[in-house]
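Below is one structure; the comments refer to it alone.
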Amino acid sequence: MRGIAGAIVSHLLAAVGVAFAVASLAFVAVQMAPGDIAFRVAEARYGERISLQTVDQARQITGLDQPVILQYGRWVGSVFTGQLGRSMISGREVTPEVWHSFQTTVSIAIIGVSIALFLSLLIGFAAGVRRGSIVDRGFLAVSAVLSSVPSFLLGIILITIFAIGLRWLPAAGNNLPGYAILPSCTLALALLPELSRVVRNAVVQAMQDFYPTYGRIKGQSWLRIIFSHALRPTLVPVIAYCGPLVAHTIGGLVVIDVLFNLDGLGTRLIDSVLAADIPMAMGAGLLIGISVVAINGLSDIAVRLLDPRLYVAGQQP
């Protein structure tokens with residue numbers, strides 16, 4: 001178990017580094033934006049009642065009159081006390097605001113990844129078991145086309161069909177029943193081509209091993225061969241690839257959040273950067289960084305559990 005313990009410790013250390021790196025990039029993005037940050041904060045706070053006096057007031061209230069390094073250091077200190085500060089715009093605590101957005105993003109991600117993983121296993125096994133068949137060639141052609149379609153276009157197609165045309169599902173927002181279906185399906189369709197190809201290639205490799213071949217010689221059914229001999233070795237590369245793929249797709253969730261008008265981390269990050277809400281932008285960036293490392297870490301540990309040979313020092317999944 002020392003291999004798993006070491007992996008957990010290394011991923012925890014990586015989570016801290018990546019989270020602070022993403023949060024720092026959000027801080028730099030706000031600082032490098034053109035214009036006076038205090039003016040943008042005052043404009044968001046007071047609207048048409050903005051004046052030089054309200055701008056100076058916003059500068060003092062939010063601490064923007066202090067040096068940049070002190071602003072960053074104050075935020076880092078608040079993180080170590082378990083607080084992410086207050087929004088410069090609304091004055092509310094950042095932690096519950098970004099946590100609410102995080103829950104929305106996680107719910108969409110879990111449903112979308114689950115759909116993509118389930119369908120990719122079905123399609124990949126169907127194509128890999130019958131390599132070179134019409135099913136296999138058709139799958140490769142369809143996956144090549146689908147992988148070239150951007151996620152926002154997939155979302156627009158789903159909205160046009162199921163929200164505008166059939167009126168079965170809501171097109172946007174996260175207050176109506178069934179709001180998560182279209183965003184989750186959009187994410188699943190974006191993940192499906194690459195994930196299905198990984199499954200198909202892993203199945204082809206697994207079916208060439210000794211035990212599936214021996215099972216076919218003995219006359220075992222395809223289902224028994226798949227579940228007894230091919231499933232576990234197939235899952236190792238699939239899960240190993242699924243972690244980085246899903247982590248990379250978190251960037252695509254920003255597009256899905258905006259397209260479906262969801263109050264997710266992507267929308268929260270973009271809105272806070274545009275409004276120069278530094279604590280909110282850094283809080284959203286912090287959670288995004290932690291999420292990326294957590295997904296990679298979970299996939300790494302799952303692969304190590306599926307293949308005990310990876311406990312050997314120096315081996316990587």
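Identifiers for the structure tokens are assigned positionally: chains receive A, B, ... in sequence, residues are indexed from 1 per chain, and ligands are indexed from 1 in the order shown.
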Please run DSSP on the backbone and report, as a count of residues only, all residues within segment 68-312 of chain A that come out as alpha helix (DSSP H). 178
Compile the contact shell of Gln31 of chain A as a VMD selection string: residues with an atom at most 12 Å away, counting only C-alpha atoms, same-chain residues fewer than 6 positions apart removed. chain A and resid 24 to 25 37 to 38 40 64 67 to 69 71 to 72 273 to 278 281 to 282
Could you save those same residues with N, CA, C and O atoms as an mmCIF file, in the first residue's frame?
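Written out: again16.cif:
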data_model
loop_
_atom_site.group_PDB
_atom_site.id
_atom_site.type_symbol
_atom_site.label_atom_id
_atom_site.label_comp_id
_atom_site.auth_asym_id
_atom_site.auth_seq_id
_atom_site.Cartn_x
_atom_site.Cartn_y
_atom_site.Cartn_z
ATOM 1 N N SER A 24 -3.281 32.367 -9.042
ATOM 2 C CA SER A 24 -2.350 33.466 -9.319
ATOM 3 C C SER A 24 -2.513 33.976 -10.743
ATOM 4 O O SER A 24 -2.421 35.190 -10.994
ATOM 5 N N LEU A 25 -2.765 33.069 -11.689
ATOM 6 C CA LEU A 25 -3.000 33.498 -13.068
ATOM 7 C C LEU A 25 -4.262 34.346 -13.163
ATOM 8 O O LEU A 25 -4.311 35.328 -13.920
ATOM 9 N N ILE A 37 -8.935 49.285 -12.117
ATOM 10 C CA ILE A 37 -9.732 48.236 -11.475
ATOM 11 C C ILE A 37 -10.779 48.848 -10.554
ATOM 12 O O ILE A 37 -11.929 48.403 -10.504
ATOM 13 N N ALA A 38 -10.390 49.890 -9.821
ATOM 14 C CA ALA A 38 -11.327 50.524 -8.894
ATOM 15 C C ALA A 38 -12.522 51.119 -9.646
ATOM 16 O O ALA A 38 -13.658 51.081 -9.147
ATOM 17 N N ARG A 40 -13.843 49.935 -12.444
ATOM 18 C CA ARG A 40 -14.726 48.834 -12.840
ATOM 19 C C ARG A 40 -15.500 48.293 -11.646
ATOM 20 O O ARG A 40 -16.678 47.943 -11.762
ATOM 21 N N LEU A 64 -7.727 48.269 -2.826
ATOM 22 C CA LEU A 64 -6.997 48.466 -4.071
ATOM 23 C C LEU A 64 -6.006 49.619 -3.994
ATOM 24 O O LEU A 64 -5.198 49.801 -4.915
ATOM 25 N N PRO A 67 -0.339 48.309 -2.295
ATOM 26 C CA PRO A 67 0.494 47.716 -3.353
ATOM 27 C C PRO A 67 -0.021 46.337 -3.762
ATOM 28 O O PRO A 67 -0.621 45.612 -2.967
ATOM 29 N N VAL A 68 0.258 45.990 -5.018
ATOM 30 C CA VAL A 68 -0.252 44.727 -5.558
ATOM 31 C C VAL A 68 0.257 43.533 -4.767
ATOM 32 O O VAL A 68 -0.488 42.587 -4.488
ATOM 33 N N ILE A 69 1.530 43.549 -4.376
ATOM 34 C CA ILE A 69 2.097 42.416 -3.658
ATOM 35 C C ILE A 69 1.411 42.229 -2.313
ATOM 36 O O ILE A 69 1.228 41.092 -1.835
ATOM 37 N N GLN A 71 -1.759 43.042 -1.718
ATOM 38 C CA GLN A 71 -3.079 42.492 -2.025
ATOM 39 C C GLN A 71 -3.001 40.976 -2.197
ATOM 40 O O GLN A 71 -3.838 40.232 -1.660
ATOM 41 N N TYR A 72 -1.980 40.528 -2.927
ATOM 42 C CA TYR A 72 -1.829 39.084 -3.145
ATOM 43 C C TYR A 72 -1.478 38.370 -1.838
ATOM 44 O O TYR A 72 -2.021 37.311 -1.520
ATOM 45 N N VAL A 273 -13.527 37.951 -13.624
ATOM 46 C CA VAL A 273 -12.365 38.574 -14.270
ATOM 47 C C VAL A 273 -12.796 39.835 -15.021
ATOM 48 O O VAL A 273 -12.137 40.882 -14.943
ATOM 49 N N LEU A 274 -13.911 39.751 -15.742
ATOM 50 C CA LEU A 274 -14.390 40.913 -16.481
ATOM 51 C C LEU A 274 -14.800 42.050 -15.556
ATOM 52 O O LEU A 274 -14.650 43.231 -15.891
ATOM 53 N N ALA A 275 -15.344 41.701 -14.387
ATOM 54 C CA ALA A 275 -15.771 42.729 -13.434
ATOM 55 C C ALA A 275 -14.656 43.155 -12.489
ATOM 56 O O ALA A 275 -14.889 43.982 -11.613
ATOM 57 N N ALA A 276 -13.446 42.574 -12.650
ATOM 58 C CA ALA A 276 -12.295 42.887 -11.810
ATOM 59 C C ALA A 276 -12.544 42.529 -10.353
ATOM 60 O O ALA A 276 -12.043 43.187 -9.446
ATOM 61 N N ASP A 277 -13.352 41.477 -10.128
ATOM 62 C CA ASP A 277 -13.624 41.003 -8.770
ATOM 63 C C ASP A 277 -12.515 40.018 -8.394
ATOM 64 O O ASP A 277 -12.642 38.801 -8.583
ATOM 65 N N ILE A 278 -11.414 40.543 -7.873
ATOM 66 C CA ILE A 278 -10.207 39.742 -7.654
ATOM 67 C C ILE A 278 -10.444 38.564 -6.716
ATOM 68 O O ILE A 278 -10.076 37.423 -7.046
ATOM 69 N N ALA A 281 -12.502 35.856 -8.565
ATOM 70 C CA ALA A 281 -11.740 35.219 -9.644
ATOM 71 C C ALA A 281 -10.703 34.252 -9.093
ATOM 72 O O ALA A 281 -10.531 33.133 -9.595
ATOM 73 N N MET A 282 -10.005 34.636 -8.043
ATOM 74 C CA MET A 282 -8.988 33.776 -7.471
ATOM 75 C C MET A 282 -9.617 32.575 -6.756
ATOM 76 O O MET A 282 -9.058 31.467 -6.770
#
Please provide as a ChimeraX atom specification all residues within 10 Å of Gly297 of chain A, with the sequence filter that same-chain residues fewer than 2 positions apart are discarded (counting only C-alpha atoms). /A:7-12,14-15,243-244,291-295,299-303
Segment 99-111 of chain A surroundings by only C-alpha atoms, 8 Å radius, close-in-sequence under 2 positions cut, as a list in words: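 Selected residues are Thr95, Pro96, Glu97, Val113, Ser114, Ile115, Ala180, Pro183, Ser184, Leu187, Leu253, Leu262, Asp263, Gly264, Leu265, Arg268 and Leu287 of chain A.
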Go through A:Thr62, A:Ser87, A:Thr234, A:Thr160 one by one, measure the shortest atom-to-atom distance of each to Val129 of chain A using only C-alpha atoms, and give the residue with the smallest value.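 Among A:Thr62, A:Ser87, A:Thr234, A:Thr160, it is A:Thr234 that comes nearest to Val129 of chain A.
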Shortest interatomic distance to Ala284 of chain A - which of A:Ala26, A:Val76, A:Ala116, A:Val149, counting only C-alpha atoms: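 Residue with the minimum atom-to-atom distance to Ala284 of chain A: A:Ala26.
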Please determine, counting only C-alpha atoms, which residue among A:Val79, A:Arg74, A:Leu166, A:Glu43 has the shortest atom-to-atom distance to Ala19 of chain A.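 Checking each of A:Val79, A:Arg74, A:Leu166, A:Glu43 against Ala19 of chain A, counting only C-alpha atoms, the winner is A:Val79.
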Skipping near chain neighbours, those fewer than 3 positions away, what residues fall within 10 Å of Asp56 of chain A using only C-alpha atoms, listed as a ChimeraX atom specification? /A:38-39,42,51-53,59-61,64-65
Give me, as an MDAnalysis selection string, all polymer residues having an atom no more than 9 Å from Leu119 of chain A, counting only C-alpha atoms and skipping those fewer than 5 positions away in the same chain. chainID A and resid 114 124 188 192 196
Point-to-point distance in Å for atom CA of Leu298 of chain A and atom CA of Pro279 of chain A: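 Atom-to-atom, atom CA of Pro279 of chain A to atom CA of Leu298 of chain A, that is 28.4 Å.
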If you measure from atom CA of Ala21 of chain A to atom CA of Met280 of chain A, what distance in Å do you get, rounded to one decimal? 15.3 Å
Atom pair atom CA of Leu259 of chain A / atom CA of Ser147 of chain A: separation (Å): 19.1 Å
